[in-house]
Each structure stands twice: as C-alpha cells, then as structure tokens.
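J.: File follows, my_file36.json with JSON, C-alpha atoms:
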[["chain", "number", "residue", "atom", "x", "y", "z"],
["A", 774, "MET", "CA", -12.63, 11.30, -15.70],
["A", 775, "ASP", "CA", -9.51, 12.69, -14.04],
["A", 776, "GLU", "CA", -6.30, 10.89, -14.82],
["A", 777, "PRO", "CA", -5.71, 8.13, -12.21],
["A", 778, "ILE", "CA", -2.14, 9.47, -11.88],
["A", 779, "LYS", "CA", -1.20, 12.74, -13.64],
["A", 780, "HIS", "CA", 0.97, 12.03, -16.68],
["A", 781, "GLU", "CA", 3.55, 14.57, -15.55],
["A", 782, "HIS", "CA", 3.93, 12.55, -12.32],
["A", 783, "ILE", "CA", 4.79, 9.31, -14.15],
["A", 784, "HIS", "CA", 8.20, 8.35, -15.49],
["A", 785, "ILE", "CA", 10.26, 5.37, -16.53],
["A", 786, "MET", "CA", 13.91, 4.62, -15.78],
["A", 787, "ASP", "CA", 16.10, 1.76, -16.80],
["A", 788, "THR", "CA", 18.08, 1.11, -13.64],
["A", 789, "VAL", "CA", 18.76, 2.66, -10.25],
["A", 790, "ASP", "CA", 21.37, 1.53, -7.73],
["A", 791, "THR", "CA", 19.37, 1.64, -4.50],
["A", 792, "PHE", "CA", 15.76, 1.71, -3.36],
["A", 793, "GLN", "CA", 16.42, 5.08, -1.73],
["A", 794, "GLU", "CA", 17.35, 6.46, -5.14],
["A", 795, "ALA", "CA", 14.22, 4.87, -6.63],
["A", 796, "ILE", "CA", 11.98, 6.45, -3.99],
["A", 797, "MET", "CA", 13.63, 9.86, -4.46],
["A", 798, "GLN", "CA", 13.25, 9.58, -8.24],
["A", 799, "ALA", "CA", 9.64, 8.48, -7.88],
["A", 800, "ALA", "CA", 8.90, 11.40, -5.55],
["A", 801, "THR", "CA", 10.72, 14.07, -7.58],
["A", 802, "PRO", "CA", 7.70, 15.12, -9.70],
["A", 803, "LEU", "CA", 5.70, 15.66, -6.50],
["A", 804, "ILE", "CA", 8.54, 17.75, -5.02],
["A", 805, "ASN", "CA", 8.95, 19.82, -8.18],
["A", 806, "ASP", "CA", 5.20, 20.37, -8.44],
["A", 807, "GLY", "CA", 4.85, 21.55, -4.85],
["A", 808, "TYR", "CA", 2.89, 18.53, -3.55],
["A", 809, "ILE", "CA", 5.47, 17.48, -0.97],
["A", 810, "ASP", "CA", 8.50, 18.88, 0.77],
["A", 811, "LYS", "CA", 11.72, 16.98, 0.15],
["A", 812, "ALA", "CA", 11.80, 16.15, 3.87],
["A", 813, "TYR", "CA", 8.77, 13.88, 3.32],
["A", 814, "VAL", "CA", 11.07, 11.49, 1.44],
["A", 815, "GLN", "CA", 13.34, 11.28, 4.48],
["A", 816, "ASP", "CA", 10.25, 10.35, 6.54],
["A", 817, "ILE", "CA", 9.63, 7.50, 4.10],
["A", 818, "TYR", "CA", 13.20, 6.22, 4.54],
["A", 819, "ASP", "CA", 12.85, 6.47, 8.33],
["A", 820, "SER", "CA", 9.56, 4.56, 8.28],
["A", 821, "LEU", "CA", 11.08, 1.77, 6.21],
["A", 822, "GLU", "CA", 13.91, 1.45, 8.69],
["A", 823, "LYS", "CA", 11.55, 1.46, 11.66],
["A", 824, "ASN", "CA", 8.55, -0.45, 10.32],
["A", 825, "GLY", "CA", 9.95, -2.80, 7.70],
["A", 826, "PRO", "CA", 8.95, -3.27, 4.07],
["A", 827, "TYR", "CA", 5.16, -3.57, 4.43],
["A", 828, "ILE", "CA", 4.81, -0.89, 1.74],
["A", 829, "VAL", "CA", 5.57, -3.71, -0.70],
["A", 830, "VAL", "CA", 1.84, -4.30, -1.19],
["A", 831, "ALA", "CA", 2.15, -6.72, -4.11],
["A", 832, "ASP", "CA", 4.99, -8.56, -5.81],
["A", 833, "TYR", "CA", 7.16, -5.97, -7.61],
["A", 834, "VAL", "CA", 5.08, -3.02, -6.34],
["A", 835, "ALA", "CA", 5.91, -0.66, -3.47],
["A", 836, "LEU", "CA", 3.73, 2.17, -2.16],
["A", 837, "PRO", "CA", 6.20, 4.50, -0.42],
["A", 838, "HIS", "CA", 4.50, 6.91, 1.99],
["A", 839, "ALA", "CA", 4.95, 8.38, 5.46],
["A", 840, "GLN", "CA", 2.64, 9.80, 8.08],
["A", 841, "PRO", "CA", 0.50, 12.76, 7.08],
["A", 842, "SER", "CA", 2.25, 15.98, 8.13],
["A", 843, "GLU", "CA", 2.85, 19.56, 7.10],
["A", 844, "LYS", "CA", 5.45, 18.15, 4.68],
["A", 845, "VAL", "CA", 2.52, 17.18, 2.45],
["A", 846, "LEU", "CA", 1.09, 20.25, 0.76],
["A", 847, "LYS", "CA", -1.30, 18.61, -1.70],
["A", 848, "ASN", "CA", -2.74, 15.12, -2.00],
["A", 849, "GLY", "CA", -1.29, 13.20, -4.89],
["A", 850, "LEU", "CA", 0.25, 10.10, -6.40],
["A", 851, "SER", "CA", 3.37, 9.64, -8.53],
["A", 852, "LEU", "CA", 4.71, 6.58, -10.27],
["A", 853, "LEU", "CA", 8.15, 5.35, -11.29],
["A", 854, "LEU", "CA", 8.52, 2.26, -13.45],
["A", 855, "LEU", "CA", 11.94, 0.60, -13.44],
["A", 856, "ASN", "CA", 12.78, -1.62, -16.38],
["A", 857, "ASN", "CA", 15.22, -3.46, -14.10],
["A", 858, "PRO", "CA", 13.98, -4.12, -10.57],
["A", 859, "VAL", "CA", 15.81, -2.78, -7.53],
["A", 860, "ASP", "CA", 16.02, -4.56, -4.18],
["A", 861, "LEU", "CA", 13.90, -3.16, -1.35],
["A", 862, "LEU", "CA", 14.85, -5.04, 1.82],
["A", 863, "GLY", "CA", 14.72, -8.41, 0.10],
["A", 864, "ASN", "CA", 11.95, -7.62, -2.39],
["A", 865, "PRO", "CA", 12.60, -6.93, -6.09],
["A", 866, "ILE", "CA", 10.57, -3.85, -7.08],
["A", 867, "HIS", "CA", 9.64, -2.61, -10.56],
["A", 868, "VAL", "CA", 6.94, -0.08, -9.64],
["A", 869, "PHE", "CA", 7.12, 2.66, -7.01],
["A", 870, "ILE", "CA", 3.89, 4.56, -6.37],
["A", 871, "VAL", "CA", 4.47, 7.45, -3.96],
["A", 872, "LEU", "CA", 1.46, 8.40, -1.90],
["A", 873, "ALA", "CA", 1.20, 11.93, -0.54],
["A", 874, "ALA", "CA", -1.74, 12.34, 1.83],
["A", 875, "LYS", "CA", -2.37, 15.37, 4.01],
["A", 876, "ASP", "CA", -4.51, 13.44, 6.49],
["A", 877, "SER", "CA", -5.84, 9.94, 6.97],
["A", 878, "THR", "CA", -9.11, 10.53, 5.14],
["A", 879, "ALA", "CA", -7.57, 12.41, 2.24],
["A", 880, "HIS", "CA", -7.49, 10.76, -1.11],
["A", 881, "LEU", "CA", -9.67, 7.84, -0.06],
["A", 882, "ALA", "CA", -11.35, 7.44, -3.43],
["A", 883, "SER", "CA", -8.15, 7.17, -5.45],
["A", 884, "LEU", "CA", -6.54, 4.89, -2.87],
["A", 885, "LYS", "CA", -9.54, 2.57, -3.06],
["A", 886, "SER", "CA", -9.28, 2.50, -6.83],
["A", 887, "LEU", "CA", -5.56, 1.83, -6.51],
["A", 888, "ALA", "CA", -6.23, -1.04, -4.08],
["A", 889, "ILE", "CA", -8.69, -2.64, -6.48],
["A", 890, "PHE", "CA", -6.21, -2.19, -9.34],
["A", 891, "LEU", "CA", -3.34, -3.81, -7.40],
["A", 892, "MET", "CA", -5.38, -6.86, -6.37],
["A", 893, "GLU", "CA", -5.28, -8.20, -9.93],
["A", 894, "LYS", "CA", -1.89, -9.63, -10.87],
["A", 895, "GLU", "CA", -2.54, -9.12, -14.59],
["A", 896, "ASN", "CA", -2.89, -5.38, -13.98],
["A", 897, "ILE", "CA", 0.56, -5.33, -12.41],
["A", 898, "ASP", "CA", 2.00, -7.40, -15.26],
["A", 899, "ALA", "CA", 0.51, -4.94, -17.76],
["A", 900, "LEU", "CA", 1.99, -2.02, -15.84],
["A", 901, "ILE", "CA", 5.47, -3.57, -15.71],
["A", 902, "GLY", "CA", 5.23, -4.40, -19.42],
["A", 903, "ALA", "CA", 4.40, -0.82, -20.42],
["A", 904, "GLU", "CA", 7.09, 0.82, -22.54],
["A", 905, "SER", "CA", 6.19, 4.49, -22.33],
["A", 906, "VAL", "CA", 4.38, 6.99, -20.14],
["A", 907, "PRO", "CA", 1.35, 6.99, -22.48],
["A", 908, "GLY", "CA", 1.49, 3.18, -22.29],
["A", 909, "ILE", "CA", 1.35, 3.32, -18.48],
["A", 910, "GLN", "CA", -1.50, 5.81, -18.64],
["A", 911, "LYS", "CA", -3.42, 3.56, -20.99],
["A", 912, "VAL", "CA", -3.03, 0.60, -18.61],
["A", 913, "LEU", "CA", -4.20, 2.71, -15.67],
["A", 914, "GLU", "CA", -7.12, 4.30, -17.49],
["A", 915, "GLU", "CA", -8.43, 1.05, -18.95],
["A", 916, "ARG", "CA", -8.21, -0.85, -15.68],
["A", 917, "TRP", "CA", -8.90, 1.85, -13.10],
["A", 918, "GLN", "CA", -12.31, 1.43, -11.53],
["A", 919, "THR", "CA", -13.87, 4.36, -9.79],
["A", 920, "SER", "CA", -16.48, 3.69, -7.20],
["B", 56, "MET", "CA", -16.08, -11.00, 13.87],
["B", 57, "LYS", "CA", -14.20, -7.71, 14.10],
["B", 58, "ILE", "CA", -10.95, -7.47, 12.15],
["B", 59, "LEU", "CA", -8.33, -4.73, 12.32],
["B", 60, "ALA", "CA", -6.12, -4.01, 9.31],
["B", 61, "VAL", "CA", -2.99, -2.36, 10.69],
["B", 62, "CYS", "CA", -0.07, -0.43, 9.21],
["B", 63, "GLY", "CA", 2.37, 2.20, 10.43],
["B", 64, "PHE", "CA", 0.20, 5.27, 9.96],
["B", 65, "GLY", "CA", -3.31, 4.01, 9.25],
["B", 66, "VAL", "CA", -3.35, 6.02, 6.07],
["B", 67, "GLY", "CA", -2.26, 4.09, 3.01],
["B", 68, "SER", "CA", -1.25, 0.47, 3.36],
["B", 69, "SER", "CA", -3.88, -0.43, 5.96],
["B", 70, "LEU", "CA", -6.61, 0.84, 3.65],
["B", 71, "ILE", "CA", -5.18, -1.32, 0.86],
["B", 72, "LEU", "CA", -5.26, -4.29, 3.25],
["B", 73, "LYS", "CA", -8.83, -3.50, 4.37],
["B", 74, "MET", "CA", -9.94, -3.35, 0.72],
["B", 75, "THR", "CA", -8.34, -6.74, 0.04],
["B", 76, "ILE", "CA", -9.99, -8.27, 3.13],
["B", 77, "ASP", "CA", -13.39, -6.83, 2.12],
["B", 78, "LYS", "CA", -12.99, -8.19, -1.40],
["B", 79, "VAL", "CA", -12.04, -11.69, -0.18],
["B", 80, "LEU", "CA", -14.92, -11.70, 2.34],
["B", 81, "LYS", "CA", -17.28, -11.05, -0.55],
["B", 82, "ASP", "CA", -15.64, -13.80, -2.62],
["B", 83, "ILE", "CA", -15.94, -16.41, 0.14],
["B", 84, "GLY", "CA", -19.40, -15.25, 1.24],
["B", 85, "LYS", "CA", -18.48, -14.30, 4.81],
["B", 86, "ASP", "CA", -19.23, -11.25, 6.89],
["B", 87, "ALA", "CA", -16.91, -9.31, 9.18],
["B", 88, "ASP", "CA", -16.44, -5.80, 10.42],
["B", 89, "VAL", "CA", -13.13, -4.52, 9.02],
["B", 90, "VAL", "CA", -11.50, -1.35, 10.31],
["B", 91, "ASN", "CA", -8.10, 0.04, 9.31],
["B", 92, "THR", "CA", -5.89, 1.82, 11.79],
["B", 93, "ASP", "CA", -2.29, 2.50, 12.76],
["B", 94, "ILE", "CA", 0.03, 0.50, 14.96],
["B", 95, "SER", "CA", -0.40, 2.62, 18.11],
["B", 96, "ASP", "CA", -4.22, 2.67, 17.93],
["B", 97, "ALA", "CA", -4.25, -1.08, 17.34],
["B", 98, "ARG", "CA", -3.34, -1.64, 20.99],
["B", 99, "SER", "CA", -6.43, 0.15, 22.29],
["B", 100, "TYR", "CA", -8.97, -1.38, 19.89],
["B", 101, "GLN", "CA", -11.25, -4.28, 20.78],
["B", 102, "ALA", "CA", -11.01, -6.80, 17.95],
["B", 103, "ASP", "CA", -11.07, -10.54, 17.35],
["B", 104, "ALA", "CA", -8.34, -10.59, 14.75],
["B", 105, "ILE", "CA", -5.54, -8.28, 13.64],
["B", 106, "PHE", "CA", -4.15, -8.55, 10.13],
["B", 107, "THR", "CA", -0.78, -6.85, 9.70],
["B", 108, "SER", "CA", 2.80, -7.27, 8.45],
["B", 109, "PRO", "CA", 5.16, -9.82, 10.04],
["B", 110, "ASP", "CA", 7.19, -6.93, 11.53],
["B", 111, "PHE", "CA", 4.12, -5.47, 13.23],
["B", 112, "VAL", "CA", 2.96, -8.90, 14.39],
["B", 113, "GLU", "CA", 6.24, -9.08, 16.23],
["B", 114, "SER", "CA", 5.82, -5.67, 17.87],
["B", 115, "LEU", "CA", 2.17, -6.30, 18.83],
["B", 116, "THR", "CA", 2.74, -9.76, 20.27],
["B", 117, "GLY", "CA", 1.98, -9.72, 23.98],
["B", 118, "SER", "CA", 0.29, -6.31, 23.96],
["B", 119, "VAL", "CA", -3.06, -7.20, 22.33],
["B", 120, "LYS", "CA", -5.77, -9.76, 23.09],
["B", 121, "ALA", "CA", -6.74, -10.28, 19.46],
["B", 122, "THR", "CA", -5.18, -13.10, 17.46],
["B", 123, "LEU", "CA", -2.48, -11.83, 15.09],
["B", 124, "TYR", "CA", -2.40, -12.89, 11.45],
["B", 125, "PRO", "CA", 0.69, -11.89, 9.44],
["B", 126, "VAL", "CA", 0.24, -10.76, 5.83],
["B", 127, "ASN", "CA", 3.30, -10.04, 3.67],
["B", 128, "ARG", "CA", 1.55, -8.60, 0.62],
["B", 129, "TYR", "CA", -1.39, -6.39, 1.54],
["B", 130, "SER", "CA", -3.02, -6.67, -1.88],
["B", 131, "ASP", "CA", -2.51, -10.44, -2.31],
["B", 132, "LYS", "CA", -5.99, -11.99, -2.25],
["B", 133, "GLU", "CA", -4.68, -15.55, -1.91],
["B", 134, "GLU", "CA", -2.53, -14.75, 1.10],
["B", 135, "VAL", "CA", -5.35, -12.78, 2.76],
["B", 136, "LYS", "CA", -7.84, -15.57, 1.99],
["B", 137, "ALA", "CA", -5.66, -18.19, 3.68],
["B", 138, "GLN", "CA", -5.43, -16.04, 6.82],
["B", 139, "LEU", "CA", -9.16, -15.22, 6.80],
["B", 140, "ILE", "CA", -10.03, -18.90, 6.68],
["B", 141, "LYS", "CA", -7.81, -19.47, 9.72],
["B", 142, "ALA", "CA", -9.36, -16.51, 11.52],
["B", 143, "PHE", "CA", -12.93, -17.73, 10.92],
["B", 144, "ALA", "CA", -12.01, -21.25, 12.03],
["B", 145, "ALA", "CA", -10.47, -19.89, 15.27],
["B", 146, "ASN", "CA", -13.40, -17.55, 15.87],
["B", 147, "GLU", "CA", -16.02, -20.29, 15.49],
["B", 148, "LYS", "CA", -14.42, -22.47, 18.17]]
Any chance you could give the structure as structure tokens?
T.:
Amino acid sequence: MDEPIKHEHIHIMDTVDTFQEAIMQAATPLINDGYIDKAYVQDIYDSLEKNGPYIVVADYVALPHAQPSEKVLKNGLSLLLLNNPVDLLGNPIHVFIVLAAKDSTAHLASLKSLAIFLMEKENIDALIGAESVPGIQKVLEERWQTS
Amino acid sequence: MKILAVCGFGVGSSLILKMTIDKVLKDIGKDADVVNTDISDARSYQADAIFTSPDFVESLTGSVKATLYPVNRYSDKEEVKAQLIKAFAANEK
C-alpha cells in the first residue's frame, strides 16, 4: 500500500505564532517537492478571509486548500502536527493537512480515506498524541481504510 | 430527498461533508441522493436540502429554494446527524 501521506511531507512543530505561519509550514514540503507553487498558499489565505473557517473539518483539525489551478503541479497531501494548538479564526488547531488537488476529481480515493479517518474522534486523538513522524505514520497506516 | 454538500470550491471540504452525510444515512437507515459542489453551482442546482458552513448559509440565504442546514464541522457525525433528522422531518411534511 502507498503511504497515506508521504513521510517526507509530515512534520511536527512545538509552537507557531499564527495560523498563517502554520499553513505555510504545513505546505512547505509540498512547495520544496514541486507539488505546489508558493502562490497556492496565498490562495488559501484569501479563501479563509473570503469564505470563513469551514476548512476546520473536525475539532483541532484543519484541511487548508484552495481552488484547483495551475499553482498545483501534482496532487498531494502534507501534514503538520503542532504540539501546542494555534488559533484559526476562533478554532484551536493541532493538525493541518494541506490538500493540493489539480482538479475536482483528482485525488478522490485518498480524500475519501481521509474523510473516513477524520470521522472517528479517536483517530484524531491518536494523531494529536503522536510524538514523532514515524508515530504519525503508524497512526495513519493502522487506521487508514482504502476503498 | 436530494441533498447538496457545499463548500467554496467543490473539491475538498464538500467531499468530506458528503462522505459524512453518506455514512450517517447508512447509520440511521435512510436514503438520499447526496451531491457535493461549490458555492456558485449551488445556486443553480435543484435540491431539497443544502448542507454547508454557517458562513455559506448566510451567503446563500434568499438565493436558493432548498432549505439550508448549517454544519460547523464537516466530519462531525453527530452534528450532521442532528441536521439530517431535521431535514427528513421537514421533507416528510
């Protein structure tokens, strides 16, 4: 099975000052790996300002993404775990999962698996409790259902 | 019943919401047609109910015929279940 989220796209930080910094940090592996242009992150900020914080899909979990565009070069996911939550428009967030999708049908299978994963609160608790990147990977791999 | 799950771009969050609605429908033994789409397409769709964020409920109010049901957390089964029960009750009237 492919890794649910590539290990080189996952990292942990203790604290960040703002949600913008968190989103940029979360997206950095995708930028460095040529999945997204840095301008995609600006689109995410703009969407949050315009559309509100609906990307907070579960308590403590945000799924930053913007509209598919040429700023997305490859479909992918990245994950940042914060040991101390940061405020995102009134919501404390521990986990940022950046979604890069080239079009609206791209990446359907992994998004569906992600949706099923996020529906169970104990999966989120396990993710937040992870202490290392291998620990996060273990949580994802054990609880990730592919359909 | 036809339900729309709506987000800003119809690409990520609305699919998460659709998956949660589908899962809860299965849990409560009900049937509905669930489609995910973006905020601009939502205005041109025929549907009985629209599930979306409180911010989008505000922007869609007055421009759609469907009843609007706000959902704060798109992957929260309990929140979605409470709104689905309301939607079925309203639809059966």
J.: Any idea what the distance is between atom CA of A:Leu855 and atom CA of A:Val789?
T.: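 Distance between the two atoms: 7.8 Å.
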J.: Please determine the contact residues of chain A with respect to chain B at a cut-off of 9 Å, counting only C-alpha atoms, and supply them as a VMD selection string.
T.: chain A and resid 820 824 to 832 836 838 to 841 872 874 876 to 879 881 884 to 885 887 to 889 891 to 894
J.: Would you mind reading off the distance between atom CA of B:Ala87 and atom CA of A:Trp917, one decimal, in Å?
T.: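 Interatomic distance, atom CA of B:Ala87 to atom CA of A:Trp917: 26.2 Å.
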J.: Atom CA of A:Glu914 and atom CA of A:Lys844, how far apart in Å?
T.: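 Value for the atom CA of A:Lys844-atom CA of A:Glu914 distance: 29.0 Å.
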J.: Skip stretch 136-148 of chain B itself and residues of its chain fewer than 4 positions away, then list as a list in words all residues within 8 Å of it, counting all atoms listed in the file.
T.: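 Listed by chain and then number, they are Met56, Ile76, Val79, Asp103, Ala104, Tyr124, Pro125, Val126 and Lys132 of chain B.
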J.: So that I can check the surroundings of A:Leu852, please list as a ChimeraX atom specification every protein, DNA and RNA residue that reaches within 12 Å of it, counting all atoms listed in the file and ignoring chain neighbours fewer than 3 positions away.
T.: /A:777-786,795-803,834-837,849,855,867-873,887,900-901,906,909-910,913
J.: Using only C-alpha atoms, which residue out of A:Gln815, A:His880, A:Asn857, A:Gly807 lies closest to A:Val845?
T.: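 So, comparing all the options, the nearest one is A:Gly807.
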J.: Determine the nearest neighbour of A:Ala899 from the options A:Lys875, A:Leu821, A:Leu854, A:Ile866, counting only C-alpha atoms.
T.: A:Leu854
J.: Select, from B:Leu115, B:Val135, B:Leu123, B:Ile58, the residue with the minimum atom-to-atom distance to B:Arg98, counting only C-alpha atoms.
T.: B:Leu115
J.: When distances are computed from only C-alpha atoms, which of B:Ala121, B:Val89, B:Val112, B:Ala102 shows the smallest separation from B:Ala60?
T.: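 Selected residue with least distance to B:Ala60: B:Val89.
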